>>> print(open('start-v8.cif').read())   # mmCIF, C-alpha atoms and all ligand atoms
data_coords
loop_
_atom_site.group_PDB
_atom_site.id
_atom_site.type_symbol
_atom_site.label_atom_id
_atom_site.label_comp_id
_atom_site.auth_asym_id
_atom_site.auth_seq_id
_atom_site.Cartn_x
_atom_site.Cartn_y
_atom_site.Cartn_z
ATOM 1 C CA MET A 67 -14.893 -5.179 3.376
ATOM 2 C CA ALA A 68 -16.971 -2.087 3.445
ATOM 3 C CA GLU A 69 -15.464 -0.238 0.528
ATOM 4 C CA ARG A 70 -14.436 -0.933 -3.029
ATOM 5 C CA PRO A 71 -11.258 -2.998 -3.378
ATOM 6 C CA TYR A 72 -8.173 -0.817 -3.557
ATOM 7 C CA ILE A 73 -5.460 -1.744 -6.070
ATOM 8 C CA VAL A 74 -2.257 0.236 -5.665
ATOM 9 C CA GLY A 75 0.818 0.034 -7.893
ATOM 10 C CA ASN A 76 4.146 0.662 -6.163
ATOM 11 C CA TRP A 77 6.661 1.446 -8.883
ATOM 12 C CA LYS A 78 9.609 1.417 -6.464
ATOM 13 C CA MET A 79 12.782 2.764 -8.176
ATOM 14 C CA ASN A 80 11.375 2.350 -11.660
ATOM 15 C CA GLY A 81 9.959 4.751 -14.202
ATOM 16 C CA THR A 82 10.857 7.657 -16.397
ATOM 17 C CA ARG A 83 8.613 9.954 -18.398
ATOM 18 C CA ALA A 84 8.544 7.334 -21.135
ATOM 19 C CA MET A 85 6.206 5.368 -18.882
ATOM 20 C CA LEU A 86 3.513 8.043 -18.881
ATOM 21 C CA SER A 87 1.886 6.206 -21.768
ATOM 22 C CA GLU A 88 1.348 3.242 -19.406
ATOM 23 C CA VAL A 89 -0.208 5.635 -16.896
ATOM 24 C CA ARG A 90 -2.598 6.967 -19.547
ATOM 25 C CA ALA A 91 -3.623 3.443 -20.509
ATOM 26 C CA ILE A 92 -4.238 2.499 -16.865
ATOM 27 C CA ASP A 93 -6.195 5.650 -16.195
ATOM 28 C CA ARG A 94 -8.422 5.422 -19.265
ATOM 29 C CA SER A 95 -9.263 1.753 -18.687
ATOM 30 C CA SER A 96 -9.855 2.163 -14.963
ATOM 31 C CA GLN A 97 -12.655 4.549 -15.899
ATOM 32 C CA ARG A 98 -14.677 1.508 -16.917
ATOM 33 C CA LEU A 99 -14.046 -0.240 -13.617
ATOM 34 C CA MET A 100 -15.849 1.942 -11.154
ATOM 35 C CA LYS A 101 -16.092 -0.966 -8.718
ATOM 36 C CA VAL A 102 -12.368 -0.749 -8.016
ATOM 37 C CA GLU A 103 -10.311 2.111 -6.574
ATOM 38 C CA VAL A 104 -6.985 2.296 -8.416
ATOM 39 C CA ALA A 105 -3.838 4.241 -7.550
ATOM 40 C CA LEU A 106 -0.176 4.460 -8.499
ATOM 41 C CA ALA A 107 2.835 5.421 -6.416
ATOM 42 C CA PRO A 108 5.541 6.429 -8.906
ATOM 43 C CA PRO A 109 8.982 7.661 -7.844
ATOM 44 C CA TYR A 110 9.156 11.261 -6.598
ATOM 45 C CA THR A 111 10.382 12.469 -9.987
ATOM 46 C CA LEU A 112 7.143 11.423 -11.695
ATOM 47 C CA ILE A 113 4.511 12.327 -9.105
ATOM 48 C CA HIS A 114 3.608 15.652 -10.658
ATOM 49 C CA ALA A 115 3.646 14.350 -14.223
ATOM 50 C CA VAL A 116 1.431 11.383 -13.260
ATOM 51 C CA HIS A 117 -0.874 13.672 -11.312
ATOM 52 C CA ARG A 118 -1.337 15.841 -14.420
ATOM 53 C CA GLU A 119 -1.922 12.815 -16.595
ATOM 54 C CA VAL A 120 -4.702 11.054 -14.677
ATOM 55 C CA GLU A 121 -8.397 11.707 -14.291
ATOM 56 C CA GLN A 122 -9.662 8.570 -12.563
ATOM 57 C CA ILE A 123 -6.911 7.039 -10.507
ATOM 58 C CA GLY A 124 -5.110 8.224 -7.384
ATOM 59 C CA VAL A 125 -1.462 9.238 -7.100
ATOM 60 C CA GLY A 126 0.775 8.741 -4.096
ATOM 61 C CA ALA A 127 4.378 8.772 -2.917
ATOM 62 C CA GLN A 128 6.571 5.899 -1.739
ATOM 63 C CA ASP A 129 8.056 7.712 1.250
ATOM 64 C CA CYS A 130 8.425 11.095 2.909
ATOM 65 C CA HIS A 131 10.726 12.708 5.456
ATOM 66 C CA PRO A 132 9.318 13.175 8.983
ATOM 67 C CA GLY A 133 10.322 16.853 9.065
ATOM 68 C CA VAL A 134 8.475 19.832 7.651
ATOM 69 C CA ASP A 135 11.338 21.630 5.889
ATOM 70 C CA GLY A 136 14.952 22.615 6.441
ATOM 71 C CA ALA A 137 18.511 21.489 5.917
ATOM 72 C CA ASN A 138 18.004 17.875 4.832
ATOM 73 C CA THR A 139 19.838 17.507 1.562
ATOM 74 C CA GLY A 140 18.186 15.025 -0.749
ATOM 75 C CA ASP A 141 15.074 14.560 1.383
ATOM 76 C CA ILE A 142 11.467 15.282 0.466
ATOM 77 C CA SER A 143 8.814 16.326 2.990
ATOM 78 C CA ALA A 144 5.178 15.241 3.144
ATOM 79 C CA SER A 145 3.927 18.696 2.183
ATOM 80 C CA MET A 146 6.243 18.669 -0.850
ATOM 81 C CA VAL A 147 4.801 15.414 -2.199
ATOM 82 C CA ALA A 148 1.303 16.705 -1.420
ATOM 83 C CA ASP A 149 2.131 19.847 -3.403
ATOM 84 C CA ALA A 150 3.260 17.670 -6.327
ATOM 85 C CA GLY A 151 -0.151 15.971 -6.339
ATOM 86 C CA ALA A 152 0.224 12.974 -4.009
ATOM 87 C CA LYS A 153 -2.833 12.076 -1.966
ATOM 88 C CA PHE A 154 -1.250 9.252 -0.001
ATOM 89 C CA VAL A 155 2.146 7.964 1.104
ATOM 90 C CA ILE A 156 3.349 4.376 1.401
ATOM 91 C CA LEU A 157 5.270 4.083 4.675
ATOM 92 C CA GLY A 158 7.037 1.261 6.455
ATOM 93 C CA HIS A 159 7.800 -0.783 3.342
ATOM 94 C CA SER A 160 10.202 -3.615 4.171
ATOM 95 C CA GLU A 161 12.653 -2.351 1.538
ATOM 96 C CA ARG A 162 12.924 0.926 3.440
ATOM 97 C CA ARG A 163 13.046 -0.809 6.822
ATOM 98 C CA GLU A 164 15.916 -2.977 5.532
ATOM 99 C CA ASN A 165 17.825 -0.755 3.120
ATOM 100 C CA HIS A 166 17.528 2.436 5.173
ATOM 101 C CA ASN A 167 17.335 0.973 8.672
ATOM 102 C CA GLU A 168 13.931 2.511 9.245
ATOM 103 C CA SER A 169 12.610 1.792 12.723
ATOM 104 C CA SER A 170 8.947 1.720 13.708
ATOM 105 C CA GLU A 171 9.638 4.899 15.670
ATOM 106 C CA LEU A 172 10.779 6.697 12.503
ATOM 107 C CA ILE A 173 7.803 5.325 10.594
ATOM 108 C CA ARG A 174 5.516 6.682 13.306
ATOM 109 C CA ALA A 175 7.050 10.135 12.851
ATOM 110 C CA LYS A 176 6.614 9.897 9.081
ATOM 111 C CA ILE A 177 2.961 8.869 9.452
ATOM 112 C CA THR A 178 2.415 11.872 11.697
ATOM 113 C CA ALA A 179 4.017 14.163 9.112
ATOM 114 C CA ALA A 180 1.945 12.680 6.277
ATOM 115 C CA VAL A 181 -1.335 12.998 8.162
ATOM 116 C CA GLU A 182 -0.506 16.561 9.172
ATOM 117 C CA ALA A 183 0.105 17.339 5.488
ATOM 118 C CA GLY A 184 -3.423 16.061 4.778
ATOM 119 C CA MET A 185 -2.477 12.774 3.205
ATOM 120 C CA ARG A 186 -3.650 9.212 3.607
ATOM 121 C CA VAL A 187 -1.140 6.554 4.621
ATOM 122 C CA ILE A 188 -0.591 2.991 3.458
ATOM 123 C CA LEU A 189 1.275 1.362 6.321
ATOM 124 C CA CYS A 190 3.198 -1.753 5.259
ATOM 125 C CA CYS A 191 3.950 -4.647 7.554
ATOM 126 C CA GLY A 192 5.155 -8.193 7.092
ATOM 127 C CA GLU A 193 7.408 -10.885 8.445
ATOM 128 C CA SER A 194 10.595 -12.531 7.176
ATOM 129 C CA GLU A 195 10.646 -16.174 6.221
ATOM 130 C CA ALA A 196 12.551 -17.084 9.402
ATOM 131 C CA THR A 197 9.892 -15.394 11.527
ATOM 132 C CA ARG A 198 7.112 -17.264 9.723
ATOM 133 C CA ASP A 199 8.954 -20.579 10.031
ATOM 134 C CA ALA A 200 9.340 -19.949 13.750
ATOM 135 C CA GLY A 201 5.563 -19.533 14.039
ATOM 136 C CA ASP A 202 5.879 -15.899 15.106
ATOM 137 C CA ALA A 203 4.449 -14.118 12.061
ATOM 138 C CA GLU A 204 1.229 -12.810 13.621
ATOM 139 C CA ALA A 205 2.918 -11.630 16.818
ATOM 140 C CA PHE A 206 5.633 -9.901 14.776
ATOM 141 C CA VAL A 207 3.161 -8.073 12.532
ATOM 142 C CA THR A 208 0.970 -7.060 15.478
ATOM 143 C CA LYS A 209 4.009 -5.513 17.154
ATOM 144 C CA GLN A 210 5.037 -3.703 13.961
ATOM 145 C CA ILE A 211 1.579 -2.161 13.589
ATOM 146 C CA ARG A 212 1.251 -1.162 17.247
ATOM 147 C CA GLU A 213 4.697 0.441 17.255
ATOM 148 C CA SER A 214 4.274 2.227 13.932
ATOM 149 C CA LEU A 215 0.891 3.866 14.427
ATOM 150 C CA PRO A 216 0.925 7.263 16.113
ATOM 151 C CA ASP A 217 -1.835 8.672 18.282
ATOM 152 C CA VAL A 218 -2.579 11.366 15.724
ATOM 153 C CA LEU A 219 -4.880 9.151 13.714
ATOM 154 C CA ASP A 220 -8.124 10.644 14.933
ATOM 155 C CA ASN A 221 -9.951 9.411 11.852
ATOM 156 C CA PRO A 222 -8.346 6.120 10.785
ATOM 157 C CA THR A 223 -11.214 5.377 8.413
ATOM 158 C CA ASP A 224 -10.073 8.133 6.086
ATOM 159 C CA GLN A 225 -6.419 8.222 6.972
ATOM 160 C CA LEU A 226 -5.216 4.649 7.052
ATOM 161 C CA THR A 227 -4.822 1.590 4.861
ATOM 162 C CA VAL A 228 -2.677 -1.329 6.014
ATOM 163 C CA ALA A 229 -0.732 -3.498 3.551
ATOM 164 C CA TYR A 230 0.381 -6.959 4.635
ATOM 165 C CA GLU A 231 3.480 -7.847 2.611
ATOM 166 C CA PRO A 232 5.405 -10.906 3.768
ATOM 167 C CA ILE A 233 9.029 -10.090 2.931
ATOM 168 C CA TRP A 234 9.690 -13.526 1.467
ATOM 169 C CA ALA A 235 6.818 -13.083 -1.025
ATOM 170 C CA ILE A 236 8.044 -9.776 -2.463
ATOM 171 C CA GLY A 237 9.394 -10.205 -5.981
ATOM 172 C CA THR A 238 9.865 -13.953 -5.523
ATOM 173 C CA GLY A 239 6.809 -15.414 -7.230
ATOM 174 C CA ARG A 240 5.884 -17.078 -3.924
ATOM 175 C CA THR A 241 2.769 -16.304 -1.908
ATOM 176 C CA PRO A 242 1.433 -17.555 1.426
ATOM 177 C CA THR A 243 -1.412 -20.051 1.407
ATOM 178 C CA LEU A 244 -4.859 -18.499 1.204
ATOM 179 C CA ASP A 245 -5.514 -19.742 4.752
ATOM 180 C CA ASP A 246 -2.373 -18.032 6.027
ATOM 181 C CA ILE A 247 -3.375 -14.777 4.347
ATOM 182 C CA ALA A 248 -6.871 -14.986 5.842
ATOM 183 C CA ALA A 249 -5.433 -15.668 9.311
ATOM 184 C CA MET A 250 -3.002 -12.747 9.086
ATOM 185 C CA HIS A 251 -5.655 -10.319 7.820
ATOM 186 C CA SER A 252 -7.970 -11.363 10.612
ATOM 187 C CA SER A 253 -5.173 -10.818 13.126
ATOM 188 C CA ILE A 254 -4.424 -7.349 11.701
ATOM 189 C CA HIS A 255 -8.116 -6.491 11.828
ATOM 190 C CA SER A 256 -8.225 -7.523 15.505
ATOM 191 C CA THR A 257 -5.268 -5.246 16.229
ATOM 192 C CA LEU A 258 -7.111 -2.362 14.545
ATOM 193 C CA VAL A 259 -10.257 -3.144 16.551
ATOM 194 C CA ASP A 260 -8.175 -2.951 19.740
ATOM 195 C CA LEU A 261 -6.740 0.386 18.668
ATOM 196 C CA TYR A 262 -9.736 2.130 17.132
ATOM 197 C CA GLY A 263 -12.866 0.135 17.963
ATOM 198 C CA GLU A 264 -15.026 -2.072 15.776
ATOM 199 C CA ASP A 265 -16.716 0.659 13.704
ATOM 200 C CA HIS A 266 -13.531 2.398 12.616
ATOM 201 C CA ALA A 267 -11.577 -0.832 12.129
ATOM 202 C CA ALA A 268 -14.272 -2.202 9.827
ATOM 203 C CA GLN A 269 -13.575 0.672 7.428
ATOM 204 C CA VAL A 270 -9.787 0.296 7.271
ATOM 205 C CA ARG A 271 -8.863 -1.720 4.207
ATOM 206 C CA ILE A 272 -6.134 -4.300 4.596
ATOM 207 C CA LEU A 273 -4.289 -4.964 1.328
ATOM 208 C CA TYR A 274 -2.228 -8.007 0.476
ATOM 209 C CA GLY A 275 1.126 -7.484 -1.304
ATOM 210 C CA GLY A 276 3.839 -9.852 -2.544
ATOM 211 C CA SER A 277 3.949 -11.427 -6.025
ATOM 212 C CA VAL A 278 0.404 -10.418 -6.968
ATOM 213 C CA LYS A 279 -0.006 -11.120 -10.691
ATOM 214 C CA PRO A 280 -2.979 -11.182 -13.080
ATOM 215 C CA ASP A 281 -3.186 -14.979 -12.813
ATOM 216 C CA ASN A 282 -3.299 -15.220 -9.000
ATOM 217 C CA ALA A 283 -5.031 -11.921 -8.216
ATOM 218 C CA LYS A 284 -8.578 -13.215 -8.291
ATOM 219 C CA GLU A 285 -8.031 -15.950 -5.694
ATOM 220 C CA LEU A 286 -5.919 -13.674 -3.485
ATOM 221 C CA LEU A 287 -8.486 -10.869 -3.622
ATOM 222 C CA ALA A 288 -11.328 -13.258 -2.819
ATOM 223 C CA VAL A 289 -9.745 -14.183 0.538
ATOM 224 C CA ASP A 290 -11.764 -13.050 3.537
ATOM 225 C CA GLY A 291 -10.445 -9.771 4.885
ATOM 226 C CA VAL A 292 -8.380 -8.858 1.817
ATOM 227 C CA GLY A 293 -9.466 -5.371 0.764
ATOM 228 C CA GLY A 294 -7.151 -4.979 -2.209
ATOM 229 C CA ALA A 295 -3.565 -5.397 -3.327
ATOM 230 C CA LEU A 296 -0.271 -3.530 -3.232
ATOM 231 C CA VAL A 297 1.448 -4.504 -6.462
ATOM 232 C CA GLY A 298 5.125 -4.098 -7.335
ATOM 233 C CA GLY A 299 6.504 -5.648 -10.524
ATOM 234 C CA ALA A 300 3.148 -6.280 -12.191
ATOM 235 C CA SER A 301 2.182 -2.600 -11.853
ATOM 236 C CA LEU A 302 4.896 -1.446 -14.251
ATOM 237 C CA ALA A 303 3.010 -2.363 -17.407
ATOM 238 C CA ALA A 304 -0.573 -1.325 -18.086
ATOM 239 C CA GLU A 305 -1.542 -4.765 -19.368
ATOM 240 C CA SER A 306 -0.554 -6.711 -16.253
ATOM 241 C CA PHE A 307 -1.730 -4.046 -13.818
ATOM 242 C CA LEU A 308 -5.114 -3.812 -15.538
ATOM 243 C CA GLY A 309 -5.342 -7.605 -15.391
ATOM 244 C CA ILE A 310 -5.161 -7.315 -11.614
ATOM 245 C CA VAL A 311 -7.699 -4.466 -11.559
ATOM 246 C CA LEU A 312 -10.056 -6.593 -13.630
ATOM 247 C CA ALA A 313 -9.564 -9.554 -11.281
ATOM 248 C CA ALA A 314 -10.494 -7.284 -8.373
ATOM 249 C CA ALA A 315 -13.704 -6.292 -10.135
ATOM 250 C CA GLU A 316 -14.500 -9.964 -10.765
ATOM 251 C CA ALA A 317 -13.731 -10.974 -7.181
ATOM 252 C CA GLN A 318 -16.129 -8.229 -6.118
ATOM 253 C CA ASP A 319 -18.928 -9.726 -8.231
ATOM 254 C CA GLN A 320 -18.690 -13.136 -6.561
HETATM 255 O O1 LIG A 401 6.653 -4.895 -2.454
HETATM 256 C C1 LIG A 401 5.652 -4.985 -3.148
HETATM 257 C C2 LIG A 401 4.723 -3.853 -3.292
HETATM 258 O O2 LIG A 401 4.960 -2.851 -2.373
HETATM 259 C C3 LIG A 401 5.351 -6.230 -3.881
HETATM 260 O O3 LIG A 401 6.246 -6.357 -4.923
HETATM 261 P P1 LIG A 401 6.006 -7.516 -6.040
HETATM 262 O O4 LIG A 401 4.557 -7.365 -6.488
HETATM 263 O O5 LIG A 401 6.980 -7.186 -7.115
HETATM 264 O O6 LIG A 401 6.235 -8.808 -5.349
#
>>> encode(input="start-v8.cif", output="structure tokens", more="lines below")
Ligand SMILES: O=C(CO)COP(=O)(O)O
Amino acid sequence: MAERPYIVGNWKMNGTRAMLSEVRAIDRSSQRLMKVEVALAPPYTLIHAVHREVEQIGVGAQDCHPGVDGANTGDISASMVADAGAKFVILGHSERRENHNESSELIRAKITAAVEAGMRVILCCGESEATRDAGDAEAFVTKQIRESLPDVLDNPTDQLTVAYEPIWAIGTGRTPTLDDIAAMHSSIHSTLVDLYGEDHAAQVRILYGGSVKPDNAKELLAVDGVGGALVGGASLAAESFLGIVLAAAEAQDQ
């Protein structure tokens, strides 16, 4: 991978202001790990507070509405999260696809809105266990990526990160084999080459997500084509998240 590994914490529906002390600890320690790019995606309610707290690490959102403004009670637009301090948005997470019936078409509209608001996007993709067992995982993920990416990405190098998160590995303590991860990341890279050409695709980091912990991070991050990790549960405490950041720095040295 061309760039530094990228370790992103997705706090999901967790976190109150009491957790800002964890953010401070993550930020201050990440200062010593210049080899790794670190970011957190807290819930909307904490984006601004986290943004004000950090000096070294990035801050992002977990979603945005595809519209610009208007009568959408309870929704938050891309420019609103950008105004709160977010520099990127996670889109297409399987929890949103499942719990909110988000289609690839809607995700495409959200990516467009995020990019137009000047933000980077982490596009999530990943198959269910049934799809993997049927031998269709790579075809499924390729289709998800092709259908979710809009034409507006004129500069994917700066605008896009892809996160491969097999649904059955999220929050379960299970992970694919290292060979399966390598094969999927290679397949995703090929899709990006088809879409954007070799030079651009080489710069788009492909993260792995799903039960990344301090004790498995080093081997997962050493897999060919893995450019970082999208971390759920283990990002909620500074100690475990920093363990993963440290593993990324070590994997980089090897
Ligand atoms: O969904 C994830 C990150 O977006 C992964 O969650 P866990 O790390 O808790 O498995």
>>> residues_near_ligand(input="start-v8.cif", ligand="ligand LIG 401 (chain A)", cutoff="10 Å", atoms="only C-alpha atoms and all ligand atoms", output="PyMOL selection string")
chain A and resi 74-78+107+128+156-161+188+190+229-241+274-279+295-302
>>> resolve_selection(input="start-v8.cif", expression="the PyMOL selection byres (((chain A and resi 146) around 12) and not hetatm)", output="ChimeraX atom specification")
/A:110-111,113-114,126-127,129-135,141-145,147-153,155,179-180,183-185
>>> write_last_selection(input="start-v8.cif", atoms="C-alpha atoms", output="CSV table (one decimal), in the coordinates of the input")
chain,number,residue,atom,x,y,z
A,110,TYR,CA,9.2,11.3,-6.6
A,111,THR,CA,10.4,12.5,-10.0
A,113,ILE,CA,4.5,12.3,-9.1
A,114,HIS,CA,3.6,15.7,-10.7
A,126,GLY,CA,0.8,8.7,-4.1
A,127,ALA,CA,4.4,8.8,-2.9
A,129,ASP,CA,8.1,7.7,1.2
A,130,CYS,CA,8.4,11.1,2.9
A,131,HIS,CA,10.7,12.7,5.5
A,132,PRO,CA,9.3,13.2,9.0
A,133,GLY,CA,10.3,16.9,9.1
A,134,VAL,CA,8.5,19.8,7.7
A,135,ASP,CA,11.3,21.6,5.9
A,141,ASP,CA,15.1,14.6,1.4
A,142,ILE,CA,11.5,15.3,0.5
A,143,SER,CA,8.8,16.3,3.0
A,144,ALA,CA,5.2,15.2,3.1
A,145,SER,CA,3.9,18.7,2.2
A,147,VAL,CA,4.8,15.4,-2.2
A,148,ALA,CA,1.3,16.7,-1.4
A,149,ASP,CA,2.1,19.8,-3.4
A,150,ALA,CA,3.3,17.7,-6.3
A,151,GLY,CA,-0.2,16.0,-6.3
A,152,ALA,CA,0.2,13.0,-4.0
A,153,LYS,CA,-2.8,12.1,-2.0
A,155,VAL,CA,2.1,8.0,1.1
A,179,ALA,CA,4.0,14.2,9.1
A,180,ALA,CA,1.9,12.7,6.3
A,183,ALA,CA,0.1,17.3,5.5
A,184,GLY,CA,-3.4,16.1,4.8
A,185,MET,CA,-2.5,12.8,3.2
>>> closest_residue(input="start-v8.cif", among="A:Leu172, A:Leu99, A:Ile272, A:Leu287", to="Thr223 of chain A", atoms="all atoms listed in the file")
A:Ile272
>>> residues_near_point(input="start-v8.cif", point="(-11.7, -10.8, -11.8)", cutoff="12 Å", atoms="all atoms listed in the file", output="PyMOL selection string")
chain A and resi 71+99+101-102+279-288+308-320
>>> write_last_selection(input="start-v8.cif", atoms="C-alpha atoms", output="PDB file, keeping the file's coordinate frame")
ATOM      1  CA  PRO A  71     -11.258  -2.998  -3.378  1.00  0.00           C
ATOM      2  CA  LEU A  99     -14.046  -0.240 -13.617  1.00  0.00           C
ATOM      3  CA  LYS A 101     -16.092  -0.966  -8.718  1.00  0.00           C
ATOM      4  CA  VAL A 102     -12.368  -0.749  -8.016  1.00  0.00           C
ATOM      5  CA  LYS A 279      -0.006 -11.120 -10.691  1.00  0.00           C
ATOM      6  CA  PRO A 280      -2.979 -11.182 -13.080  1.00  0.00           C
ATOM      7  CA  ASP A 281      -3.186 -14.979 -12.813  1.00  0.00           C
ATOM      8  CA  ASN A 282      -3.299 -15.220  -9.000  1.00  0.00           C
ATOM      9  CA  ALA A 283      -5.031 -11.921  -8.216  1.00  0.00           C
ATOM     10  CA  LYS A 284      -8.578 -13.215  -8.291  1.00  0.00           C
ATOM     11  CA  GLU A 285      -8.031 -15.950  -5.694  1.00  0.00           C
ATOM     12  CA  LEU A 286      -5.919 -13.674  -3.485  1.00  0.00           C
ATOM     13  CA  LEU A 287      -8.486 -10.869  -3.622  1.00  0.00           C
ATOM     14  CA  ALA A 288     -11.328 -13.258  -2.819  1.00  0.00           C
ATOM     15  CA  LEU A 308      -5.114  -3.812 -15.538  1.00  0.00           C
ATOM     16  CA  GLY A 309      -5.342  -7.605 -15.391  1.00  0.00           C
ATOM     17  CA  ILE A 310      -5.161  -7.315 -11.614  1.00  0.00           C
ATOM     18  CA  VAL A 311      -7.699  -4.466 -11.559  1.00  0.00           C
ATOM     19  CA  LEU A 312     -10.056  -6.593 -13.630  1.00  0.00           C
ATOM     20  CA  ALA A 313      -9.564  -9.554 -11.281  1.00  0.00           C
ATOM     21  CA  ALA A 314     -10.494  -7.284  -8.373  1.00  0.00           C
ATOM     22  CA  ALA A 315     -13.704  -6.292 -10.135  1.00  0.00           C
ATOM     23  CA  GLU A 316     -14.500  -9.964 -10.765  1.00  0.00           C
ATOM     24  CA  ALA A 317     -13.731 -10.974  -7.181  1.00  0.00           C
ATOM     25  CA  GLN A 318     -16.129  -8.229  -6.118  1.00  0.00           C
ATOM     26  CA  ASP A 319     -18.928  -9.726  -8.231  1.00  0.00           C
ATOM     27  CA  GLN A 320     -18.690 -13.136  -6.561  1.00  0.00           C
TER      28      GLN A 320
END
>>> atom_distance(input="start-v8.cif", atom1="atom CA of Ala205 of chain A", atom2="atom CA of Arg186 of chain A")
25.5 Å
>>> residues_around(input="start-v8.cif", residues="Ile123 of chain A", least_positions_apart="2", cutoff="12 Å", atoms="only C-alpha atoms", output="MDAnalysis selection string")
chainID A and resid 72:75 89:100 102:107 116:121 125:126 151:153 311
>>> residues_near_point(input="start-v8.cif", point="(-7.9, -9.5, 14.6)", cutoff="12 Å", atoms="only C-alpha atoms", output="list of chain:residue names")
A:Glu204, A:Ala205, A:Val207, A:Thr208, A:Ala248, A:Ala249, A:Met250, A:His251, A:Ser252, A:Ser253, A:Ile254, A:His255, A:Ser256, A:Thr257, A:Leu258, A:Val259, A:Asp260, A:Leu261, A:Gly263, A:Glu264, A:Ala267, A:Ala268, A:Ile272, A:Gly291
>>> atom_distance(input="start-v8.cif", atom1="atom CA of Arg162 of chain A", atom2="atom CA of Tyr262 of chain A")
26.5 Å
>>> closest_residue(input="start-v8.cif", among="A:Glu171, A:Arg70, A:Pro108, A:Leu215", to="Leu273 of chain A", atoms="all atoms listed in the file")
A:Arg70
>>> atom_distance(input="start-v8.cif", atom1="atom CA of Arg271 of chain A", atom2="atom CA of Asp217 of chain A")
18.9 Å
>>> closest_residue(input="start-v8.cif", among="A:Leu244, A:Thr139, A:Ser169, A:Ala196", to="Gln210 of chain A", atoms="all atoms listed in the file")
A:Ser169
>>> closest_residue(input="start-v8.cif", among="A:Gly140, A:Pro216, A:Glu69, A:Ile177", to="Val270 of chain A", atoms="all atoms listed in the file")
A:Glu69
>>> axis_aligned_box(input="start-v8.cif", around="segment 212-219 of chain A", padding_each_side="3 Å", output="JSON")
{"center_x": -0.1, "center_y": 5.1, "center_z": 16.0, "size_x": 15.6, "size_y": 18.5, "size_z": 10.6}
>>> closest_residue(input="start-v8.cif", among="A:Gly294, A:Gly136, A:Gly81, A:Gly192", to="Pro242 of chain A", atoms="all atoms listed in the file")
A:Gly192
